[in-house]
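Below is protein.cif, which holds mmCIF, C-alpha atoms.
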```cif
data_query
loop_
_atom_site.group_PDB
_atom_site.id
_atom_site.type_symbol
_atom_site.label_atom_id
_atom_site.label_comp_id
_atom_site.auth_asym_id
_atom_site.auth_seq_id
_atom_site.Cartn_x
_atom_site.Cartn_y
_atom_site.Cartn_z
ATOM 1 C CA MET A 1 -14.480 123.250 -62.418
ATOM 2 C CA THR A 2 -15.218 119.525 -62.688
ATOM 3 C CA THR A 3 -15.992 118.049 -66.116
ATOM 4 C CA VAL A 4 -18.190 114.950 -66.197
ATOM 5 C CA LEU A 5 -18.744 112.639 -69.186
ATOM 6 C CA ILE A 6 -21.946 110.580 -69.026
ATOM 7 C CA THR A 7 -22.891 107.816 -71.447
ATOM 8 C CA GLY A 8 -26.559 107.088 -72.078
ATOM 9 C CA ALA A 9 -27.258 110.673 -71.053
ATOM 10 C CA GLY A 10 -30.355 111.227 -73.182
ATOM 11 C CA ALA A 11 -32.870 109.764 -70.740
ATOM 12 C CA GLY A 12 -33.403 107.790 -67.545
ATOM 13 C CA ILE A 13 -30.585 107.385 -65.046
ATOM 14 C CA GLY A 14 -28.070 109.003 -67.400
ATOM 15 C CA ALA A 15 -30.151 112.168 -67.744
ATOM 16 C CA ALA A 16 -30.679 112.176 -63.973
ATOM 17 C CA PHE A 17 -26.913 112.006 -63.457
ATOM 18 C CA ALA A 18 -26.523 114.945 -65.848
ATOM 19 C CA ARG A 19 -29.002 116.916 -63.798
ATOM 20 C CA GLY A 20 -27.375 115.934 -60.513
ATOM 21 C CA PHE A 21 -23.900 116.981 -61.605
ATOM 22 C CA ALA A 22 -25.212 120.164 -63.268
ATOM 23 C CA ALA A 23 -26.784 121.148 -59.956
ATOM 24 C CA LYS A 24 -23.304 120.892 -58.417
ATOM 25 C CA GLY A 25 -21.892 123.336 -60.978
ATOM 26 C CA CYS A 26 -20.099 120.782 -63.138
ATOM 27 C CA ASP A 27 -19.446 121.037 -66.872
ATOM 28 C CA LEU A 28 -20.934 118.122 -68.792
ATOM 29 C CA ILE A 29 -20.180 115.987 -71.834
ATOM 30 C CA LEU A 30 -23.349 114.166 -72.835
ATOM 31 C CA VAL A 31 -23.025 110.969 -74.881
ATOM 32 C CA ALA A 32 -25.834 108.980 -76.530
ATOM 33 C CA ARG A 33 -26.985 108.010 -80.005
ATOM 34 C CA ASP A 34 -29.845 110.518 -80.233
ATOM 35 C CA LYS A 35 -28.365 113.957 -80.945
ATOM 36 C CA ALA A 36 -31.706 115.760 -80.707
ATOM 37 C CA ARG A 37 -32.365 114.314 -77.262
ATOM 38 C CA LEU A 38 -28.929 115.270 -76.041
ATOM 39 C CA GLU A 39 -29.385 118.811 -77.290
ATOM 40 C CA SER A 40 -32.727 119.010 -75.491
ATOM 41 C CA VAL A 41 -31.155 117.818 -72.218
ATOM 42 C CA ALA A 42 -28.244 120.233 -72.676
ATOM 43 C CA ALA A 43 -30.568 123.177 -73.335
ATOM 44 C CA GLU A 44 -32.665 122.387 -70.259
ATOM 45 C CA LEU A 45 -29.607 122.111 -68.009
ATOM 46 C CA GLY A 46 -28.192 125.304 -69.435
ATOM 47 C CA ARG A 47 -31.396 127.202 -68.690
ATOM 48 C CA GLU A 48 -31.847 125.832 -65.184
ATOM 49 C CA PHE A 49 -28.284 125.591 -63.897
ATOM 50 C CA GLY A 50 -26.183 127.547 -66.374
ATOM 51 C CA ALA A 51 -24.369 124.291 -67.136
ATOM 52 C CA ASP A 52 -21.830 124.191 -69.947
ATOM 53 C CA CYS A 53 -22.843 121.053 -71.879
ATOM 54 C CA GLU A 54 -20.857 119.496 -74.716
ATOM 55 C CA VAL A 55 -23.027 117.222 -76.863
ATOM 56 C CA LEU A 56 -21.168 114.190 -78.218
ATOM 57 C CA PRO A 57 -23.518 111.928 -80.210
ATOM 58 C CA ALA A 58 -22.122 108.402 -80.537
ATOM 59 C CA ASP A 59 -23.247 104.839 -81.046
ATOM 60 C CA LEU A 60 -20.874 103.139 -78.634
ATOM 61 C CA LEU A 61 -21.286 99.811 -80.436
ATOM 62 C CA ASP A 62 -19.669 101.382 -83.487
ATOM 63 C CA ALA A 63 -15.901 100.973 -83.109
ATOM 64 C CA ARG A 64 -15.023 104.341 -84.640
ATOM 65 C CA GLN A 65 -17.585 106.266 -82.643
ATOM 66 C CA CYS A 66 -16.559 104.555 -79.411
ATOM 67 C CA ALA A 67 -12.938 105.408 -80.209
ATOM 68 C CA ALA A 68 -13.914 109.065 -80.628
ATOM 69 C CA VAL A 69 -15.408 109.096 -77.118
ATOM 70 C CA ALA A 70 -12.283 107.372 -75.756
ATOM 71 C CA GLU A 71 -10.124 110.020 -77.432
ATOM 72 C CA ARG A 72 -12.192 112.766 -75.820
ATOM 73 C CA LEU A 73 -11.679 111.147 -72.417
ATOM 74 C CA ALA A 74 -7.925 110.907 -72.982
ATOM 75 C CA ASP A 75 -7.458 114.465 -74.305
ATOM 76 C CA PRO A 76 -4.985 116.178 -71.929
ATOM 77 C CA ALA A 77 -5.886 119.619 -73.283
ATOM 78 C CA ARG A 78 -9.515 119.180 -72.206
ATOM 79 C CA PRO A 79 -9.344 116.995 -69.095
ATOM 80 C CA VAL A 80 -12.345 114.968 -67.941
ATOM 81 C CA ASP A 81 -12.593 114.476 -64.183
ATOM 82 C CA VAL A 82 -15.515 112.081 -63.825
ATOM 83 C CA LEU A 83 -16.833 109.275 -66.056
ATOM 84 C CA VAL A 84 -20.298 107.794 -65.642
ATOM 85 C CA ASN A 85 -20.597 104.505 -67.553
ATOM 86 C CA ASN A 86 -24.359 104.232 -67.848
ATOM 87 C CA ALA A 87 -25.227 103.213 -71.434
ATOM 88 C CA GLY A 88 -26.917 99.854 -71.778
ATOM 89 C CA PHE A 89 -29.916 97.829 -72.883
ATOM 90 C CA GLY A 90 -31.638 94.559 -72.059
ATOM 91 C CA LEU A 91 -33.327 91.748 -73.987
ATOM 92 C CA PRO A 92 -36.872 90.447 -73.432
ATOM 93 C CA ALA A 93 -36.219 86.690 -73.458
ATOM 94 C CA PRO A 94 -33.846 84.327 -71.605
ATOM 95 C CA PHE A 95 -30.454 83.628 -73.200
ATOM 96 C CA PRO A 96 -31.396 80.441 -75.144
ATOM 97 C CA TYR A 97 -34.136 82.263 -77.067
ATOM 98 C CA ASN A 98 -32.307 85.407 -78.208
ATOM 99 C CA PRO A 99 -30.242 85.696 -81.397
ATOM 100 C CA VAL A 100 -26.599 85.301 -80.425
ATOM 101 C CA GLU A 101 -25.809 88.542 -82.255
ATOM 102 C CA ASP A 102 -28.115 90.434 -79.872
ATOM 103 C CA GLU A 103 -26.485 88.760 -76.880
ATOM 104 C CA GLU A 104 -23.041 89.743 -78.156
ATOM 105 C CA ARG A 105 -24.108 93.352 -78.752
ATOM 106 C CA MET A 106 -25.502 93.594 -75.228
ATOM 107 C CA LEU A 107 -22.336 92.104 -73.753
ATOM 108 C CA ASP A 108 -20.186 94.529 -75.754
ATOM 109 C CA LEU A 109 -22.132 97.556 -74.524
ATOM 110 C CA LEU A 110 -22.309 96.465 -70.903
ATOM 111 C CA VAL A 111 -18.731 95.181 -70.556
ATOM 112 C CA LYS A 112 -16.331 96.077 -73.372
ATOM 113 C CA VAL A 113 -17.441 99.703 -73.745
ATOM 114 C CA PRO A 114 -17.076 100.721 -70.061
ATOM 115 C CA LEU A 115 -13.787 98.813 -69.913
ATOM 116 C CA ARG A 116 -12.416 100.732 -72.900
ATOM 117 C CA LEU A 117 -13.709 104.146 -71.834
ATOM 118 C CA THR A 118 -12.460 103.722 -68.286
ATOM 119 C CA HIS A 119 -9.045 102.646 -69.537
ATOM 120 C CA ALA A 120 -8.850 105.763 -71.716
ATOM 121 C CA LEU A 121 -9.538 108.079 -68.776
ATOM 122 C CA LEU A 122 -7.372 106.524 -66.063
ATOM 123 C CA PRO A 123 -3.943 107.836 -67.109
ATOM 124 C CA GLY A 124 -5.194 111.412 -66.807
ATOM 125 C CA LEU A 125 -6.847 110.753 -63.453
ATOM 126 C CA ARG A 126 -3.689 109.138 -62.089
ATOM 127 C CA ALA A 127 -1.553 112.027 -63.287
ATOM 128 C CA ARG A 128 -3.865 114.621 -61.733
ATOM 129 C CA ARG A 129 -4.402 112.430 -58.650
ATOM 130 C CA ARG A 130 -8.101 113.100 -58.495
ATOM 131 C CA GLY A 131 -11.372 112.218 -60.210
ATOM 132 C CA ALA A 132 -13.936 109.433 -60.206
ATOM 133 C CA VAL A 133 -15.484 106.631 -62.222
ATOM 134 C CA LEU A 134 -19.119 105.622 -61.633
ATOM 135 C CA ASN A 135 -20.227 102.369 -63.228
ATOM 136 C CA VAL A 136 -23.958 101.700 -63.374
ATOM 137 C CA ALA A 137 -24.540 98.030 -62.590
ATOM 138 C CA SER A 138 -27.827 96.461 -61.414
ATOM 139 C CA VAL A 139 -29.302 94.304 -58.687
ATOM 140 C CA ALA A 140 -29.744 91.796 -61.541
ATOM 141 C CA GLY A 141 -26.011 91.232 -61.202
ATOM 142 C CA LEU A 142 -26.450 89.934 -57.660
ATOM 143 C CA LEU A 143 -28.356 86.853 -58.814
ATOM 144 C CA PRO A 144 -28.225 84.387 -61.744
ATOM 145 C CA THR A 145 -30.179 86.327 -64.387
ATOM 146 C CA GLY A 146 -28.731 85.475 -67.785
ATOM 147 C CA THR A 147 -26.245 87.473 -69.827
ATOM 148 C CA TYR A 148 -27.523 90.822 -68.557
ATOM 149 C CA GLY A 149 -27.082 89.822 -64.920
ATOM 150 C CA ALA A 150 -23.692 88.254 -65.638
ATOM 151 C CA ALA A 151 -22.519 91.456 -67.336
ATOM 152 C CA LYS A 152 -23.737 93.603 -64.463
ATOM 153 C CA ALA A 153 -22.011 91.287 -61.992
ATOM 154 C CA TRP A 154 -18.811 91.936 -63.943
ATOM 155 C CA VAL A 155 -19.421 95.690 -63.710
ATOM 156 C CA THR A 156 -19.711 95.505 -59.929
ATOM 157 C CA ALA A 157 -16.663 93.245 -59.505
ATOM 158 C CA PHE A 158 -14.637 95.392 -61.924
ATOM 159 C CA SER A 159 -15.553 98.516 -59.992
ATOM 160 C CA GLU A 160 -14.603 97.021 -56.635
ATOM 161 C CA SER A 161 -11.223 95.896 -57.969
ATOM 162 C CA LEU A 162 -10.538 99.175 -59.763
ATOM 163 C CA ARG A 163 -11.389 101.110 -56.611
ATOM 164 C CA VAL A 164 -8.530 99.410 -54.769
ATOM 165 C CA ASP A 165 -6.116 99.964 -57.674
ATOM 166 C CA MET A 166 -6.929 103.671 -57.920
ATOM 167 C CA GLU A 167 -7.140 104.492 -54.216
ATOM 168 C CA PRO A 168 -3.423 105.418 -53.930
ATOM 169 C CA TYR A 169 -3.976 108.071 -56.622
ATOM 170 C CA GLY A 170 -6.966 109.703 -54.944
ATOM 171 C CA VAL A 171 -9.337 108.415 -57.650
ATOM 172 C CA ARG A 172 -12.730 107.225 -56.449
ATOM 173 C CA VAL A 173 -14.646 104.348 -58.070
ATOM 174 C CA LEU A 174 -18.282 103.560 -57.337
ATOM 175 C CA ALA A 175 -20.554 100.753 -58.512
ATOM 176 C CA VAL A 176 -24.131 102.066 -58.736
ATOM 177 C CA VAL A 177 -26.512 99.128 -58.251
ATOM 178 C CA PRO A 178 -30.132 100.181 -58.873
ATOM 179 C CA GLY A 179 -33.202 98.000 -58.735
ATOM 180 C CA PHE A 180 -36.255 98.490 -60.960
ATOM 181 C CA THR A 181 -36.168 102.166 -61.933
ATOM 182 C CA ARG A 182 -38.795 104.181 -63.792
ATOM 183 C CA THR A 183 -37.047 104.728 -67.125
ATOM 184 C CA GLU A 184 -37.521 103.661 -70.739
ATOM 185 C CA PHE A 185 -35.294 100.628 -70.196
ATOM 186 C CA GLN A 186 -38.042 98.041 -69.746
ATOM 187 C CA GLU A 187 -40.146 99.341 -72.635
ATOM 188 C CA ARG A 188 -37.190 99.379 -75.012
ATOM 189 C CA ALA A 189 -36.284 95.838 -74.001
ATOM 190 C CA GLY A 190 -39.833 94.649 -74.595
ATOM 191 C CA MET A 191 -40.211 93.499 -70.988
ATOM 192 C CA ASP A 192 -43.627 92.934 -69.433
ATOM 193 C CA VAL A 193 -43.410 94.516 -65.982
ATOM 194 C CA SER A 194 -47.147 94.986 -65.459
ATOM 195 C CA ALA A 195 -47.185 92.541 -62.538
ATOM 196 C CA LEU A 196 -44.674 94.546 -60.513
ATOM 197 C CA ARG A 197 -46.055 96.498 -57.579
ATOM 198 C CA ASP A 198 -45.481 100.233 -57.283
ATOM 199 C CA ALA A 199 -43.438 99.644 -54.129
ATOM 200 C CA VAL A 200 -40.570 98.016 -56.043
ATOM 201 C CA TRP A 201 -39.994 100.980 -58.355
ATOM 202 C CA LEU A 202 -37.320 103.611 -57.838
ATOM 203 C CA GLU A 203 -37.126 107.065 -59.357
ATOM 204 C CA PRO A 204 -33.918 107.823 -61.283
ATOM 205 C CA GLU A 205 -33.390 111.002 -59.266
ATOM 206 C CA ALA A 206 -33.349 108.951 -56.045
ATOM 207 C CA VAL A 207 -30.778 106.541 -57.516
ATOM 208 C CA VAL A 208 -28.539 109.450 -58.510
ATOM 209 C CA ALA A 209 -28.916 111.310 -55.212
ATOM 210 C CA LYS A 210 -27.903 108.184 -53.288
ATOM 211 C CA ALA A 211 -24.989 107.546 -55.662
ATOM 212 C CA LEU A 212 -23.624 111.073 -55.261
ATOM 213 C CA ARG A 213 -23.840 110.796 -51.474
ATOM 214 C CA ASP A 214 -22.060 107.440 -51.530
ATOM 215 C CA LEU A 215 -19.410 108.817 -53.886
ATOM 216 C CA ALA A 216 -18.716 111.660 -51.467
ATOM 217 C CA ARG A 217 -18.443 109.127 -48.632
ATOM 218 C CA ARG A 218 -16.039 106.997 -50.721
ATOM 219 C CA ARG A 219 -18.224 103.928 -50.489
ATOM 220 C CA PRO A 220 -17.615 101.073 -52.963
ATOM 221 C CA ILE A 221 -21.244 100.274 -53.841
ATOM 222 C CA SER A 222 -24.431 102.349 -53.900
ATOM 223 C CA ILE A 223 -27.780 100.576 -53.524
ATOM 224 C CA THR A 224 -30.905 102.721 -53.251
ATOM 225 C CA GLY A 225 -33.715 101.779 -50.868
ATOM 226 C CA ARG A 226 -33.989 99.438 -47.916
ATOM 227 C CA ARG A 227 -35.877 96.895 -50.027
ATOM 228 C CA TYR A 228 -32.970 96.476 -52.426
ATOM 229 C CA GLN A 229 -30.356 96.668 -49.690
ATOM 230 C CA ALA A 230 -32.105 93.741 -47.986
ATOM 231 C CA TYR A 231 -32.325 91.999 -51.363
ATOM 232 C CA ALA A 232 -28.560 92.359 -51.806
ATOM 233 C CA LEU A 233 -27.908 90.996 -48.315
ATOM 234 C CA ALA A 234 -30.122 87.975 -48.927
ATOM 235 C CA ALA A 235 -28.533 87.320 -52.320
ATOM 236 C CA ARG A 236 -25.117 86.918 -50.698
ATOM 237 C CA HIS A 237 -26.335 84.230 -48.301
ATOM 238 C CA LEU A 238 -28.935 82.138 -50.179
ATOM 239 C CA PRO A 239 -27.777 78.933 -51.931
ATOM 240 C CA ARG A 240 -26.925 79.787 -55.557
ATOM 241 C CA ASP A 241 -28.671 76.759 -57.069
ATOM 242 C CA PHE A 242 -31.869 77.552 -55.177
ATOM 243 C CA VAL A 243 -31.733 81.169 -56.329
ATOM 244 C CA ALA A 244 -31.019 80.217 -59.939
ATOM 245 C CA ARG A 245 -34.059 77.944 -60.063
ATOM 246 C CA ARG A 246 -36.321 80.561 -58.508
ATOM 247 C CA MET A 247 -35.103 83.230 -60.904
ATOM 248 C CA ALA A 248 -35.665 80.897 -63.867
ATOM 249 C CA ARG A 249 -39.376 80.831 -63.023
ATOM 250 C CA THR A 250 -39.555 84.564 -63.676
ATOM 251 C CA ARG A 251 -37.953 84.296 -67.122
ATOM 252 C CA ARG A 252 -40.302 82.846 -69.688
ATOM 253 C CA PRO A 253 -39.376 81.865 -73.245
ATOM 254 C CA PRO A 254 -41.189 83.757 -76.004
ATOM 255 C CA THR A 255 -44.504 82.287 -77.161
ATOM 256 C CA GLY A 256 -44.035 79.405 -79.550
ATOM 257 C CA SER A 257 -40.438 78.634 -78.580
ATOM 258 C CA GLU A 258 -41.075 75.956 -75.966
ATOM 259 C CA ALA A 259 -40.976 73.040 -78.362
#
```
Rewrite the coordinates I just gave you, this time as structure tokens.
Amino acid sequence: MTTVLITGAGAGIGAAFARGFAAKGCDLILVARDKARLESVAAELGREFGADCEVLPADLLDARQCAAVAERLADPARPVDVLVNNAGFGLPAPFPYNPVEDEERMLDLLVKVPLRLTHALLPGLRARRRGAVLNVASVAGLLPTGTYGAAKAWVTAFSESLRVDMEPYGVRVLAVVPGFTRTEFQERAGMDVSALRDAVWLEPEAVVAKALRDLARRRPISITGRRYQAYALAARHLPRDFVARRMARTRRPPTGSEA
């Protein structure tokens, strides 16, 4: 039986990953700050799939709580086979207009936390010579889009490098690179996405289904939808300065901060 630990499992892509792995008969460890939400997800998956769900509430920006999750991943008596690094958040304004403390918190959650959790799990995966790490990045990481995009670019590059390092041990590593997905992410970040057309939106279940197929095929990166696959291809070939200036037009400072 495969055991999967998922961060940010209370909603959105994380909850969709929980559902996707539960449908495959996996045991789950669900991590997020909201215990009640996790228990609700666990109860639903138990009813529908008979999934054995361990609820592990944790604020991953709290050093002690993050360490507790790392210890669970490293526990040889209760081995974890798959890690999904999904927890994250965004900020509503461009970098110059956000408090530096918020920027640092976002960077910690998007970079330092998956680095630490992955590092905790790898010795067990190498010893057992099987398992997988899925890191949820973003198409924002393909283009110059502030701290969030830079962090997600790191996630993708980290995943590609780690994949090569772990290949001799039979451990798979996948960077999941979704575009705009219908979750609570934008609302929580205070982003105005009202101008976006319906055609650009993905459903979290579609992102997860594509990721699980790509994981089985041992692909390095999973991008859902032809629109975003074309977007990724274009991003690799357009001049970076041109792209940076175009992207800057989409990021507006908060009202009253222009002066």
Best match for closeness to Leu125 (chain A) among A:Gly14, A:Met166, A:Phe49, A:Leu215, counting all atoms listed in the file: A:Met166
For the structure shown, which residues end up in the PyMOL selection byres ((chain A and resi 15) around 12)? Put them as number ranges by chain, please? A: 5-14, 16-22, 28-32, 37-42, 44-45, 84, 86-87, 183-184, 204-205, 207-208
For Arg236 (chain A), which residue among A:Leu142, A:Gly131, A:Pro114, A:Ile221 is the nearest when counting all atoms listed in the file? A:Leu142
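For the atom pair formed by CA of Leu56 (chain A) and CA of Ala68 (chain A), the distance is 9.2 Å, given to one decimal.
Note that the spacing between CA of Val55 (chain A) and CA of Val139 (chain A) amounts to 29.9 Å.
Going from CA of Pro144 (chain A) over to CA of Leu117 (chain A), you cover 26.5 Å.
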Please provide the set of residues having any atom within 12 Å of Cys66 (chain A), restricted to all atoms listed in the file, with same-chain residues fewer than 4 positions apart removed, written as JSON, numbers by chain. {"A": [7, 31, 32, 33, 56, 57, 58, 59, 60, 61, 62, 70, 71, 72, 73, 87, 108, 109, 112, 113, 114, 115, 116, 117, 118, 120]}
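Each of A:Gly25, A:Thr145, A:Ala232, A:Asp34 was compared to Glu48 (chain A) using only C-alpha atoms, and A:Gly25 turns out to be the nearest.
Closest approach to Phe95 (chain A) among A:Asp75, A:Arg64, A:Gly146, A:Leu107 is made by A:Gly146 (distances from all atoms listed in the file).
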Looking at A:Ala74, A:Ala132, A:Ala23, A:Leu174, which one is nearest to His119 (chain A), with distances taken over only C-alpha atoms? A:Ala74
Starting from the block above, write region 215-232 of chain A out to a file with N, CA, C and O atoms, as an mmCIF file, in the first residue's frame, please.
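The result, stored in decode-v2.cif:
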```cif
data_model
loop_
_atom_site.group_PDB
_atom_site.id
_atom_site.type_symbol
_atom_site.label_atom_id
_atom_site.label_comp_id
_atom_site.auth_asym_id
_atom_site.auth_seq_id
_atom_site.Cartn_x
_atom_site.Cartn_y
_atom_site.Cartn_z
ATOM 1 N N LEU A 215 3.253 11.350 -14.227
ATOM 2 C CA LEU A 215 4.078 10.651 -13.241
ATOM 3 C C LEU A 215 4.271 9.198 -13.651
ATOM 4 O O LEU A 215 5.391 8.668 -13.599
ATOM 5 N N ALA A 216 3.196 8.552 -14.069
ATOM 6 C CA ALA A 216 3.285 7.157 -14.498
ATOM 7 C C ALA A 216 4.182 7.004 -15.725
ATOM 8 O O ALA A 216 4.856 5.977 -15.890
ATOM 9 N N ARG A 217 4.207 8.028 -16.567
ATOM 10 C CA ARG A 217 5.039 7.982 -17.779
ATOM 11 C C ARG A 217 6.461 8.473 -17.526
ATOM 12 O O ARG A 217 7.259 8.569 -18.457
ATOM 13 N N ARG A 218 6.756 8.834 -16.276
ATOM 14 C CA ARG A 218 8.081 9.303 -15.860
ATOM 15 C C ARG A 218 8.511 10.564 -16.609
ATOM 16 O O ARG A 218 9.699 10.739 -16.942
ATOM 17 N N ARG A 219 7.569 11.439 -16.857
ATOM 18 C CA ARG A 219 7.897 12.702 -17.492
ATOM 19 C C ARG A 219 8.405 13.700 -16.453
ATOM 20 O O ARG A 219 8.028 13.631 -15.282
ATOM 21 N N PRO A 220 9.230 14.659 -16.844
ATOM 22 C CA PRO A 220 9.791 15.603 -15.866
ATOM 23 C C PRO A 220 8.851 16.733 -15.467
ATOM 24 O O PRO A 220 8.929 17.240 -14.344
ATOM 25 N N ILE A 221 7.985 17.147 -16.406
ATOM 26 C CA ILE A 221 7.109 18.302 -16.176
ATOM 27 C C ILE A 221 5.713 17.959 -16.669
ATOM 28 O O ILE A 221 5.549 17.314 -17.709
ATOM 29 N N SER A 222 4.705 18.414 -15.927
ATOM 30 C CA SER A 222 3.309 18.200 -16.316
ATOM 31 C C SER A 222 2.624 19.549 -16.481
ATOM 32 O O SER A 222 2.515 20.321 -15.520
ATOM 33 N N ILE A 223 2.180 19.834 -17.697
ATOM 34 C CA ILE A 223 1.459 21.073 -17.997
ATOM 35 C C ILE A 223 0.111 20.689 -18.595
ATOM 36 O O ILE A 223 0.051 20.000 -19.618
ATOM 37 N N THR A 224 -0.959 21.135 -17.985
ATOM 38 C CA THR A 224 -2.306 20.761 -18.408
ATOM 39 C C THR A 224 -2.828 21.714 -19.482
ATOM 40 O O THR A 224 -2.781 22.934 -19.303
ATOM 41 N N GLY A 225 -3.333 21.171 -20.563
ATOM 42 C CA GLY A 225 -4.028 21.967 -21.577
ATOM 43 C C GLY A 225 -3.116 22.472 -22.673
ATOM 44 O O GLY A 225 -1.990 22.910 -22.428
ATOM 45 N N ARG A 226 -3.628 22.416 -23.906
ATOM 46 C CA ARG A 226 -2.830 22.859 -25.048
ATOM 47 C C ARG A 226 -2.511 24.348 -24.965
ATOM 48 O O ARG A 226 -1.451 24.790 -25.418
ATOM 49 N N ARG A 227 -3.423 25.128 -24.399
ATOM 50 C CA ARG A 227 -3.185 26.571 -24.286
ATOM 51 C C ARG A 227 -1.922 26.832 -23.469
ATOM 52 O O ARG A 227 -1.049 27.621 -23.868
ATOM 53 N N TYR A 228 -1.799 26.171 -22.335
ATOM 54 C CA TYR A 228 -0.654 26.406 -21.466
ATOM 55 C C TYR A 228 0.604 25.699 -21.972
ATOM 56 O O TYR A 228 1.718 26.161 -21.718
ATOM 57 N N GLN A 229 0.449 24.616 -22.685
ATOM 58 C CA GLN A 229 1.608 23.983 -23.300
ATOM 59 C C GLN A 229 2.209 24.894 -24.370
ATOM 60 O O GLN A 229 3.441 25.017 -24.486
ATOM 61 N N ALA A 230 1.330 25.543 -25.150
ATOM 62 C CA ALA A 230 1.803 26.511 -26.145
ATOM 63 C C ALA A 230 2.426 27.721 -25.466
ATOM 64 O O ALA A 230 3.438 28.267 -25.926
ATOM 65 N N TYR A 231 1.836 28.143 -24.362
ATOM 66 C CA TYR A 231 2.349 29.260 -23.571
ATOM 67 C C TYR A 231 3.763 28.957 -23.101
ATOM 68 O O TYR A 231 4.669 29.805 -23.185
ATOM 69 N N ALA A 232 3.978 27.736 -22.612
ATOM 70 C CA ALA A 232 5.303 27.337 -22.129
ATOM 71 C C ALA A 232 6.315 27.326 -23.269
ATOM 72 O O ALA A 232 7.469 27.753 -23.101
#
```
